[in-house]
Number of protein chains: 4
Amino acid sequence: MRIKLLIILLVVNVLASAQSRHIINIPNIPGYQTLKCDFHMHTVFSDGTVWPTERVEEAWHNGLDAISITDHIEYRPHSKDIVSEHNRSYEIAEPLAKQLNIILIRGAEITRSMPLGHLSALFIRNANLLARDNVNDAIREAHEQGAFIILNHPNTKEQQPVWLDEYTQLLRNGYLHGIDVYNGNEYYPESFNWAKEKNLTVFSNSDAHRTIGMMYEQAQQRPITLVFARSRTEGGIREALFSRRTVAYFENSLIGNSSLLEPLFFASLNIPATPLYIQNGTSNLIFITNNSDIDYELELVQPGVGFDLPQKIILKARRVTPLEISGNSNEIAKTSTLNAYYQVKNLWINPEENLIITFSFRNI
Amino acid sequence: MRIKLLIILLVVNVLASAQSRHIINIPNIPGYQTLKCDFHMHTVFSDGTVWPTERVEEAWHNGLDAISITDHIEYRPHSKDIVSEHNRSYEIAEPLAKQLNIILIRGAEITRSMPLGHLSALFIRNANLLARDNVNDAIREAHEQGAFIILNHPNTKEQQPVWLDEYTQLLRNGYLHGIDVYNGNEYYPESFNWAKEKNLTVFSNSDAHRTIGMMYEQAQQRPITLVFARSRTEGGIREALFSRRTVAYFENSLIGNSSLLEPLFFASLNIPATPLYIQNGTSNLIFITNNSDIDYELELVQPGVGFDLPQKIILKARRVTPLEISGNSNEIAKTSTLNAYYQVKNLWINPEENLIITFSFRNI
Amino acid sequence: MRIKLLIILLVVNVLASAQSRHIINIPNIPGYQTLKCDFHMHTVFSDGTVWPTERVEEAWHNGLDAISITDHIEYRPHSKDIVSEHNRSYEIAEPLAKQLNIILIRGAEITRSMPLGHLSALFIRNANLLARDNVNDAIREAHEQGAFIILNHPNTKEQQPVWLDEYTQLLRNGYLHGIDVYNGNEYYPESFNWAKEKNLTVFSNSDAHRTIGMMYEQAQQRPITLVFARSRTEGGIREALFSRRTVAYFENSLIGNSSLLEPLFFASLNIPATPLYIQNGTSNLIFITNNSDIDYELELVQPGVGFDLPQKIILKARRVTPLEISGNSNEIAKTSTLNAYYQVKNLWINPEENLIITFSFRNI
Amino acid sequence: MRIKLLIILLVVNVLASAQSRHIINIPNIPGYQTLKCDFHMHTVFSDGTVWPTERVEEAWHNGLDAISITDHIEYRPHSKDIVSEHNRSYEIAEPLAKQLNIILIRGAEITRSMPLGHLSALFIRNANLLARDNVNDAIREAHEQGAFIILNHPNTKEQQPVWLDEYTQLLRNGYLHGIDVYNGNEYYPESFNWAKEKNLTVFSNSDAHRTIGMMYEQAQQRPITLVFARSRTEGGIREALFSRRTVAYFENSLIGNSSLLEPLFFASLNIPATPLYIQNGTSNLIFITNNSDIDYELELVQPGVGFDLPQKIILKARRVTPLEISGNSNEIAKTSTLNAYYQVKNLWINPEENLIITFSFRNI
């Protein structure tokens, strides 16, 4: 059959009808741009339910900076209908990514049975060459292409939360660089421990098979890996990942090193620098503005000497919250700097340990 | 390459992780079930961006009763990667539709240049047979398969809002049964006029190419065709469509015949039957409960004799709204029935005309 | 000064401009109506910031059935500007309550220092008579007026969470009937224990001093005492309170007896009665509709014999959630009734114990 | 009766339990700070339902910079219970305003029958002196105290939308400076016309009698007068009002002079300065960030020469929206500056006229 007439009216401009892009309010920190990324997702080219361009659209709409499409090499249940080589999803998504200024990182998921399970390889050059009978050959090939390799969701029911000798072997060979502490809707405290012990980069990835809109009622709720990069480029992200400058962000929790979480916390806030005038029996209100999308939940770890502080404060996202300091003894007259020590209950530097921050105020 | 090991861990149960289903609160009317339907959408098998199962998931999640996947016969831009015959999207979606109790109607879009443009054929039996060089052959084939045929978005920039001789010809042959008054994000008042003049069934369809979640920020905002059916079955829908028992529903507007809109309006409300006791100078409050998801916007068309009524009332969705009636003369003592006449500004029985309803209260 | 002209235009009809009333979707249970109540709040006549009518408006707007205004007898910081006797806030609120069909219960708060602290007296007849030098005289007077007496927020920092001899004495005299397990924004597990031990009626009250809109971002989030009454009348509420038929409801948690929580749980749900057809290796989906505003969070307490159930389910408010049952052995063929045992993590029958419910399905 | 014990536990710190403060994202413009104000509201000291401090709390919570409490001089329906002089509501609110850094402007409403109706006097020094039998004496007194006088809601049913001789007389005497174009929930196009003709400052005020939370479902929806002030002080506001530097803001509409609306529009946006590379047949996307809380609704007023622009664009609040420019003829090669002319449908410079803005892009 041949349709002669040009069906010009069908060339719907996707962009003309596009929704607007959300802005994720998470600030840069000194020296680094804070990029919002998701490095694990699928399309119809493996077992996902969306066309590759839709992953780019979702990322743009949700306010992300970078994504990687990581279709399974070995598992392609739609192969009856879709016959293509392994680089195809990247190729289809890439022009739109360029147009929308989304950094698209070429990736693939090496998907085997235990022990090695599922590994994402990012920054590869040719996914076809990962299709090898022997899993070790596939991993070595990824490595030789310069891949950054992530151990995915190692902690599901099927994959026991046990650190295996095979993982140690990968590490020794320089074949393992990162680990999911959050995947889809699941948090893995063991992975967080392993990341600390083995010096692995932490990730929070969606592993989306279906549409993001169907997985998370609100677009902003998708899991995000924050990458602290020297530049908003693929190279910048690569350098940051190999240097372990990431924070896993999901459901208002952030997991990472204190060297990243602490500047992120303070970069989110605007705290007036005006000095206080507190005496025994008087109090001052300090109005703290949280410009980020993160609700910070603070709990006092140590009472002040000579002054009272609230036991709990929630610094709500994009709101101003008052912090009240009251003098409770004459001790306060002797201290020119009032320090308030709080742990931030939703910032985690270990599976059992929160970041502790210090607010310092001059009192005159 | 051969992967010997069974990759059992990949068999993710879509349903186990599924989101919950929204409930669309639009009541049945006497004699009919009110089914929420969308009869026009695409998948990767034509120029859409989702796998057919995702359309069923979306429909289930959004609270719909029935959908039709209407992939283009003639326009298949993914054909480099996807090689299949025209019934394939239905076949893939059908088992999940059965499992989720979504009525899936086999359909296709005959997609030609002007004058005939785009026609959806619903209830067909074999989409492959619609792939004909001559558009008239394709339409005749659809008709012979028993199709219900809809003129889609006839009113876009390219397709002038002019009723063409070709449409009249289709009508004469019994090849045209319905028309979109709403498609995607566009409303066509001309189509509404034509529906009235030519006795066509009205539709509000998404014509979704991308995911519903990307097109509409909230799932409940997707365009819906309300079908008033004798049963929640494909046969029930077919009978209702051919009998023109539909209402086009989008952005809190409803378009249709007063014989459907009026019972829908009253079925949405709970109005206390207790008699009033109003005299000159006194007033009563009547608390009206709107159990539907529709905000009804009322405007007084005629003042009462002997009593005052509010000029405007909004009966908000799922809320209780007070209606105050005040006696303003001794006339009220003479009337045992107080009638309040309001037009409902978001219920349309003609492009320029709202439904007028009457509230009747006994006054004793 | 004298203003002669009638300022008629100022007679704003509060109701004409009133917002609509929310509907709180919490079902009745067999034998009882489920009334939504708040029995503790203040006005400008003690230390609150609103006029008494505003409490009625708030209650109407928020969807409550009954409230009690419980201004402090002893603490009236606005007395420089407001000079009135103690029944005044009730008298001002009462006509509007009648018009809006809100049950207004005459109350007062006896407000002393420790040990007796704060006691609310409901269903009193004359608040003025509670103004007595001796607190015991005040309590006895309340009792003689037929009061239902509640020990308020006994567990704040100042009022140590210790059951005092004075409370035991009140109990012995029949002067103490209820206790707050939730007050304002605080939950008191000790109070819940005492309620169990001493047979006290449980309450969740706002203790609102400021406007409800300023205390809770969304009106529906205010604390509510659910009262299971034989009739929607003051008498019905009184009988229910003295019979301890209440559930304390706040932040999606419900606290009370299993004899109330269990019927409330099942009355919230619509579970299809159609029998299942599950065999070893097959599964069925059961679609459960939750018509209430409560998200029920279920966790499996005991695996089925011969079938698998999801470990966790959230039955989201006003949504349909699928429950999947899969046969995992031939045992299933032998059982005609499949029982699923779940604990409901947000329904509490003891401070440490959740309600356990059983879903029963016929399998054929 | 005497209560001897100090009831110390009652001294609830309002601020410790205070909600957080919303941030209204409306930018400053060159030379001026943009202050968010509401100059008309009532308390229990006239016919309102809240204590004066609550008006300050509301303002703080809602993100306002300044308010005026304008209790009626002549209408005090609570006088049976509240006996105070006319400065009392200011005195009660003032300490909290200072603590929360809300600018509280002393005001009063002179409330007479027609023709003069309701006039707000701001920046007065002693409200008691406005209590005069003769309305002209009251107005003269306000004027002598240095008042800025606003004609309130002149356009309700009772007060015919007719410009009266009495108003002209006020103007001639220098007794009238501003006018409500929005009051409560009502918009007055006539007032907007009069403001243009008579050089009056425009206002959008809540005229709140009840709580803001009960009048507007979301705090951000309250009517706001934007004041473009040289400093965030009472003096700064006074100077700005007398200089007519205000914009009335309500329900996503803004009314004012183009000299204010145009810089406000552009200060809200971040438009990349990078040059375009568009030729006949190619297109560029320009990503426009709207950092404000205002949705700007744009409609093309004049097509480009040699290039196509979207007919309609909505620059959604706090989102990024793409603007696509496509070359459609060789003319585009000749133009180094592409101008796009849009009217902003929600910015009004006359009752029938929108602000027209120009986007200019360099094309190389």
# chains A, B, ... in the order shown; residues from 1 in each chain; ligands from 1
>>> residues_around(residues="B:Gly304", least_positions_apart="5", cutoff="9 Å", atoms="only C-alpha atoms", output="list in words")
Leu309, Leu338, Asn339, Ala340 and Tyr341 of chain B
>>> residues_around(residues="stretch 210-222 of chain D", least_positions_apart="6", cutoff="9 Å", atoms="only C-alpha atoms", output="PDB file with C-alpha atoms, in the first residue's frame")
ATOM      1  CA  VAL C  14     -22.457  36.150  56.725  1.00  0.00           C
ATOM      2  CA  SER C  17     -20.780  35.022  51.447  1.00  0.00           C
ATOM      3  CA  ALA C  18     -19.942  31.850  53.301  1.00  0.00           C
ATOM      4  CA  GLN C  19     -17.550  29.326  51.917  1.00  0.00           C
ATOM      5  CA  VAL C  50     -11.711  34.760  67.603  1.00  0.00           C
ATOM      6  CA  GLU C  54     -16.197  32.186  64.158  1.00  0.00           C
ATOM      7  CA  GLU C  57     -18.279  28.980  61.158  1.00  0.00           C
ATOM      8  CA  GLU C  58     -15.029  27.044  61.330  1.00  0.00           C
ATOM      9  CA  HIS C  61     -16.747  24.905  57.098  1.00  0.00           C
ATOM     10  CA  THR C 211      -7.983  30.303  64.146  1.00  0.00           C
ATOM     11  CA  ILE C 212      -8.119  26.731  62.896  1.00  0.00           C
ATOM     12  CA  GLY C 213      -6.867  27.982  59.521  1.00  0.00           C
ATOM     13  CA  MET C 214      -3.689  29.307  61.158  1.00  0.00           C
ATOM     14  CA  GLU C 217      -2.745  24.367  56.840  1.00  0.00           C
ATOM     15  CA  GLN C 218      -5.687  22.286  55.663  1.00  0.00           C
TER      16      GLN C 218
ATOM     17  CA  HIS D  22       4.742  31.896  53.150  1.00  0.00           C
ATOM     18  CA  ILE D  24       5.078  35.679  48.004  1.00  0.00           C
ATOM     19  CA  ASP D  38      -3.659  44.868  52.573  1.00  0.00           C
ATOM     20  CA  HIS D  42     -11.674  44.609  60.682  1.00  0.00           C
ATOM     21  CA  THR D  43     -11.425  43.102  64.142  1.00  0.00           C
ATOM     22  CA  GLY D  48     -14.903  41.679  62.585  1.00  0.00           C
ATOM     23  CA  THR D  49     -14.525  38.267  64.185  1.00  0.00           C
ATOM     24  CA  VAL D  50     -10.855  38.248  65.192  1.00  0.00           C
ATOM     25  CA  GLU D  54      -4.679  37.679  64.675  1.00  0.00           C
ATOM     26  CA  ARG D  55      -4.642  40.169  61.783  1.00  0.00           C
ATOM     27  CA  GLU D  58      -2.380  36.300  59.314  1.00  0.00           C
ATOM     28  CA  HIS D  61       1.778  33.874  57.814  1.00  0.00           C
ATOM     29  CA  ASN D  62       0.557  34.994  54.387  1.00  0.00           C
ATOM     30  CA  GLY D  63       3.830  36.757  53.578  1.00  0.00           C
ATOM     31  CA  GLY D 184     -13.236  41.232  49.153  1.00  0.00           C
ATOM     32  CA  ASN D 185     -14.250  39.148  46.197  1.00  0.00           C
ATOM     33  CA  PHE D 250      -6.122  39.542  42.875  1.00  0.00           C
ATOM     34  CA  GLU D 251      -6.958  36.165  41.325  1.00  0.00           C
ATOM     35  CA  ASN D 252      -3.863  36.269  39.072  1.00  0.00           C
TER      36      ASN D 252
END
>>> interface_residues(of="chain A", to="chain B", cutoff="6 Å", atoms="only C-alpha atoms", output="VMD selection string")
chain A and resid 1 7 49 to 51 81 to 83 113 133 213
>>> write_last_selection(atoms="C-alpha atoms", output="PDB file, in the first residue's frame")
ATOM      1  CA  MET A   1       0.000   0.000   0.000  1.00  0.00           C
ATOM      2  CA  ILE A   7       0.455  13.970   5.791  1.00  0.00           C
ATOM      3  CA  THR A  49       6.717   1.036  28.547  1.00  0.00           C
ATOM      4  CA  VAL A  50       7.797   4.321  26.982  1.00  0.00           C
ATOM      5  CA  TRP A  51       9.546   5.469  23.846  1.00  0.00           C
ATOM      6  CA  ASP A  81       7.778  -6.326  17.882  1.00  0.00           C
ATOM      7  CA  ILE A  82      10.950  -4.297  18.317  1.00  0.00           C
ATOM      8  CA  VAL A  83      14.026  -5.428  16.509  1.00  0.00           C
ATOM      9  CA  SER A 113      21.322 -13.934  37.484  1.00  0.00           C
ATOM     10  CA  ASP A 133      27.891 -14.736  26.746  1.00  0.00           C
ATOM     11  CA  GLY A 213       3.802  10.075  36.223  1.00  0.00           C
TER      12      GLY A 213
END
>>> residues_around(residues="A:Asn284", least_positions_apart="4", cutoff="7 Å", atoms="only C-alpha atoms", output="number ranges by chain")
A: 276, 278, 324-326
>>> select_by_dssp(residues="stretch 100-307 of chain B", states="alpha helix (DSSP H)", output="count of residues only")
53
>>> atom_distance(atom1="atom CA of C:Ala93", atom2="atom CA of C:Ala121")
17.7 Å
>>> residues_around(residues="C:Ile313", least_positions_apart="4", cutoff="10 Å", atoms="only C-alpha atoms", output="ChimeraX atom specification")
/B:16-17 /C:296-300,309,321-323,342,344
>>> write_last_selection(atoms="C-alpha atoms", output="short mmCIF file (atom, residue, chain, number, x, y, z; two decimals), in the first residue's frame")
data_model
loop_
_atom_site.label_atom_id
_atom_site.label_comp_id
_atom_site.auth_asym_id
_atom_site.auth_seq_id
_atom_site.Cartn_x
_atom_site.Cartn_y
_atom_site.Cartn_z
CA ALA B 16 1.81 -5.47 42.82
CA SER B 17 3.57 -2.15 42.44
CA TYR C 296 -5.36 2.55 55.92
CA GLU C 297 -1.83 1.16 56.16
CA LEU C 298 -1.87 -2.63 56.31
CA GLU C 299 0.90 -5.05 57.18
CA LEU C 300 0.61 -8.83 56.92
CA LEU C 309 -0.34 -12.03 49.91
CA THR C 321 -6.46 -0.55 45.58
CA PRO C 322 -5.81 -4.01 44.16
CA LEU C 323 -5.03 -6.88 46.53
CA TYR C 342 -3.39 -7.81 58.52
CA VAL C 344 -3.70 -1.78 60.47
#
>>> select_by_dssp(residues="stretch 110-347 of chain B", states="strand (DSSP E)", output="MDAnalysis selection string")
chainID B and resid 110:111 118:122 148:151 178:183 186:187 201:205 224:229 246:250 253:255 269:270 283:290 296:302 307:308 312:315 319:327 337:347
>>> write_last_selection(atoms="C-alpha atoms", output="PDB file, in the first residue's frame")
ATOM      1  CA  ILE B 110      -7.918   6.458   9.235  1.00  0.00           C
ATOM      2  CA  THR B 111      -5.506   9.298   8.639  1.00  0.00           C
ATOM      3  CA  HIS B 118      -8.891  11.986  10.354  1.00  0.00           C
ATOM      4  CA  LEU B 119     -11.607   9.493  11.151  1.00  0.00           C
ATOM      5  CA  SER B 120     -11.671   7.126  14.113  1.00  0.00           C
ATOM      6  CA  ALA B 121     -13.319   3.784  13.568  1.00  0.00           C
ATOM      7  CA  LEU B 122     -14.448   2.028  16.770  1.00  0.00           C
ATOM      8  CA  PHE B 148     -18.861   3.591  14.706  1.00  0.00           C
ATOM      9  CA  ILE B 149     -17.037   6.400  12.863  1.00  0.00           C
ATOM     10  CA  ILE B 150     -15.966   9.708  14.444  1.00  0.00           C
ATOM     11  CA  LEU B 151     -14.805  12.848  12.676  1.00  0.00           C
ATOM     12  CA  GLY B 178     -19.847  11.082  15.885  1.00  0.00           C
ATOM     13  CA  ILE B 179     -17.694  14.187  16.151  1.00  0.00           C
ATOM     14  CA  ASP B 180     -15.102  15.528  18.585  1.00  0.00           C
ATOM     15  CA  VAL B 181     -16.229  18.727  20.254  1.00  0.00           C
ATOM     16  CA  TYR B 182     -13.134  18.528  22.409  1.00  0.00           C
ATOM     17  CA  ASN B 183      -9.814  16.985  21.413  1.00  0.00           C
ATOM     18  CA  GLU B 186      -8.984  22.265  22.067  1.00  0.00           C
ATOM     19  CA  TYR B 187     -12.684  23.009  22.023  1.00  0.00           C
ATOM     20  CA  THR B 201     -22.797  11.848  18.861  1.00  0.00           C
ATOM     21  CA  VAL B 202     -20.537  14.274  20.773  1.00  0.00           C
ATOM     22  CA  PHE B 203     -17.098  13.287  22.065  1.00  0.00           C
ATOM     23  CA  SER B 204     -14.342  14.645  24.279  1.00  0.00           C
ATOM     24  CA  ASN B 205     -11.199  12.627  23.637  1.00  0.00           C
ATOM     25  CA  ILE B 224     -13.608  12.331  29.089  1.00  0.00           C
ATOM     26  CA  THR B 225     -16.592  11.215  27.074  1.00  0.00           C
ATOM     27  CA  LEU B 226     -19.402  10.282  29.432  1.00  0.00           C
ATOM     28  CA  VAL B 227     -21.399   7.389  27.997  1.00  0.00           C
ATOM     29  CA  PHE B 228     -24.849   6.632  29.408  1.00  0.00           C
ATOM     30  CA  ALA B 229     -25.068   2.896  28.892  1.00  0.00           C
ATOM     31  CA  THR B 246     -22.951  10.900  25.414  1.00  0.00           C
ATOM     32  CA  VAL B 247     -21.776  14.059  27.113  1.00  0.00           C
ATOM     33  CA  ALA B 248     -18.396  15.670  26.359  1.00  0.00           C
ATOM     34  CA  TYR B 249     -16.651  16.524  29.635  1.00  0.00           C
ATOM     35  CA  PHE B 250     -13.497  18.641  29.905  1.00  0.00           C
ATOM     36  CA  SER B 253     -17.542  21.948  31.216  1.00  0.00           C
ATOM     37  CA  LEU B 254     -20.148  19.462  30.018  1.00  0.00           C
ATOM     38  CA  ILE B 255     -21.641  19.496  26.550  1.00  0.00           C
ATOM     39  CA  LEU B 269     -26.994  16.699  44.294  1.00  0.00           C
ATOM     40  CA  ASN B 270     -28.618  15.931  47.557  1.00  0.00           C
ATOM     41  CA  SER B 283     -35.259  33.492  55.448  1.00  0.00           C
ATOM     42  CA  ASN B 284     -34.314  29.827  55.293  1.00  0.00           C
ATOM     43  CA  LEU B 285     -31.058  28.151  54.432  1.00  0.00           C
ATOM     44  CA  ILE B 286     -31.170  25.073  52.222  1.00  0.00           C
ATOM     45  CA  PHE B 287     -27.991  23.026  52.422  1.00  0.00           C
ATOM     46  CA  ILE B 288     -27.253  21.437  49.030  1.00  0.00           C
ATOM     47  CA  THR B 289     -24.690  18.639  48.902  1.00  0.00           C
ATOM     48  CA  ASN B 290     -22.848  18.124  45.629  1.00  0.00           C
ATOM     49  CA  TYR B 296     -21.742  23.614  39.176  1.00  0.00           C
ATOM     50  CA  GLU B 297     -21.833  27.374  38.528  1.00  0.00           C
ATOM     51  CA  LEU B 298     -25.361  28.714  38.806  1.00  0.00           C
ATOM     52  CA  GLU B 299     -26.772  32.077  37.780  1.00  0.00           C
ATOM     53  CA  LEU B 300     -30.302  33.225  38.486  1.00  0.00           C
ATOM     54  CA  VAL B 301     -32.419  33.629  35.335  1.00  0.00           C
ATOM     55  CA  GLN B 302     -35.629  34.930  36.873  1.00  0.00           C
ATOM     56  CA  PHE B 307     -38.728  36.065  47.698  1.00  0.00           C
ATOM     57  CA  ASP B 308     -35.067  36.780  47.072  1.00  0.00           C
ATOM     58  CA  LYS B 312     -24.862  33.437  41.735  1.00  0.00           C
ATOM     59  CA  ILE B 313     -24.111  30.183  43.494  1.00  0.00           C
ATOM     60  CA  ILE B 314     -21.242  27.793  43.019  1.00  0.00           C
ATOM     61  CA  LEU B 315     -22.094  24.281  44.103  1.00  0.00           C
ATOM     62  CA  ARG B 319     -18.999  20.154  49.320  1.00  0.00           C
ATOM     63  CA  VAL B 320     -22.158  21.413  50.943  1.00  0.00           C
ATOM     64  CA  THR B 321     -23.337  24.861  49.825  1.00  0.00           C
ATOM     65  CA  PRO B 322     -26.073  26.904  51.480  1.00  0.00           C
ATOM     66  CA  LEU B 323     -28.829  28.423  49.355  1.00  0.00           C
ATOM     67  CA  GLU B 324     -30.606  31.228  51.155  1.00  0.00           C
ATOM     68  CA  ILE B 325     -34.221  32.111  50.350  1.00  0.00           C
ATOM     69  CA  SER B 326     -35.662  35.257  51.939  1.00  0.00           C
ATOM     70  CA  GLY B 327     -39.218  36.446  51.838  1.00  0.00           C
ATOM     71  CA  THR B 337     -44.248  26.122  45.954  1.00  0.00           C
ATOM     72  CA  LEU B 338     -41.204  28.342  45.568  1.00  0.00           C
ATOM     73  CA  ASN B 339     -39.463  27.813  42.235  1.00  0.00           C
ATOM     74  CA  ALA B 340     -35.898  28.961  41.707  1.00  0.00           C
ATOM     75  CA  TYR B 341     -34.750  29.111  38.059  1.00  0.00           C
ATOM     76  CA  TYR B 342     -31.018  28.988  37.450  1.00  0.00           C
ATOM     77  CA  GLN B 343     -28.894  28.509  34.397  1.00  0.00           C
ATOM     78  CA  VAL B 344     -25.890  26.269  34.921  1.00  0.00           C
ATOM     79  CA  LYS B 345     -23.017  28.169  33.330  1.00  0.00           C
ATOM     80  CA  ASN B 346     -20.847  25.086  32.791  1.00  0.00           C
ATOM     81  CA  LEU B 347     -23.522  22.846  31.292  1.00  0.00           C
TER      82      LEU B 347
END
>>> atom_distance(atom1="atom CA of A:Ala59", atom2="atom CA of A:Phe123")
18.2 Å
>>> residues_around(residues="B:Leu104", least_positions_apart="3", cutoff="6 Å", atoms="only C-alpha atoms", output="JSON list (two decimals) with N, CA and C atoms, in the first residue's frame")
[["chain", "number", "residue", "atom", "x", "y", "z"],
["B", 66, "ALA", "N", -13.62, 2.70, 30.08],
["B", 66, "ALA", "CA", -13.38, 2.16, 28.74],
["B", 66, "ALA", "C", -12.47, 3.08, 27.95],
["B", 67, "ILE", "N", -11.65, 2.47, 27.11],
["B", 67, "ILE", "CA", -10.83, 3.24, 26.18],
["B", 67, "ILE", "C", -10.80, 2.53, 24.83],
["B", 68, "SER", "N", -10.40, 3.30, 23.84],
["B", 68, "SER", "CA", -10.06, 2.70, 22.56],
["B", 68, "SER", "C", -8.68, 3.21, 22.15]]
>>> atom_distance(atom1="atom CA of A:Met41", atom2="atom CA of A:His153")
12.8 Å
>>> closest_residue(among="C:Pro161, C:Ser89, C:Arg76, C:Ile357", to="C:Pro263", atoms="only C-alpha atoms")
C:Ile357
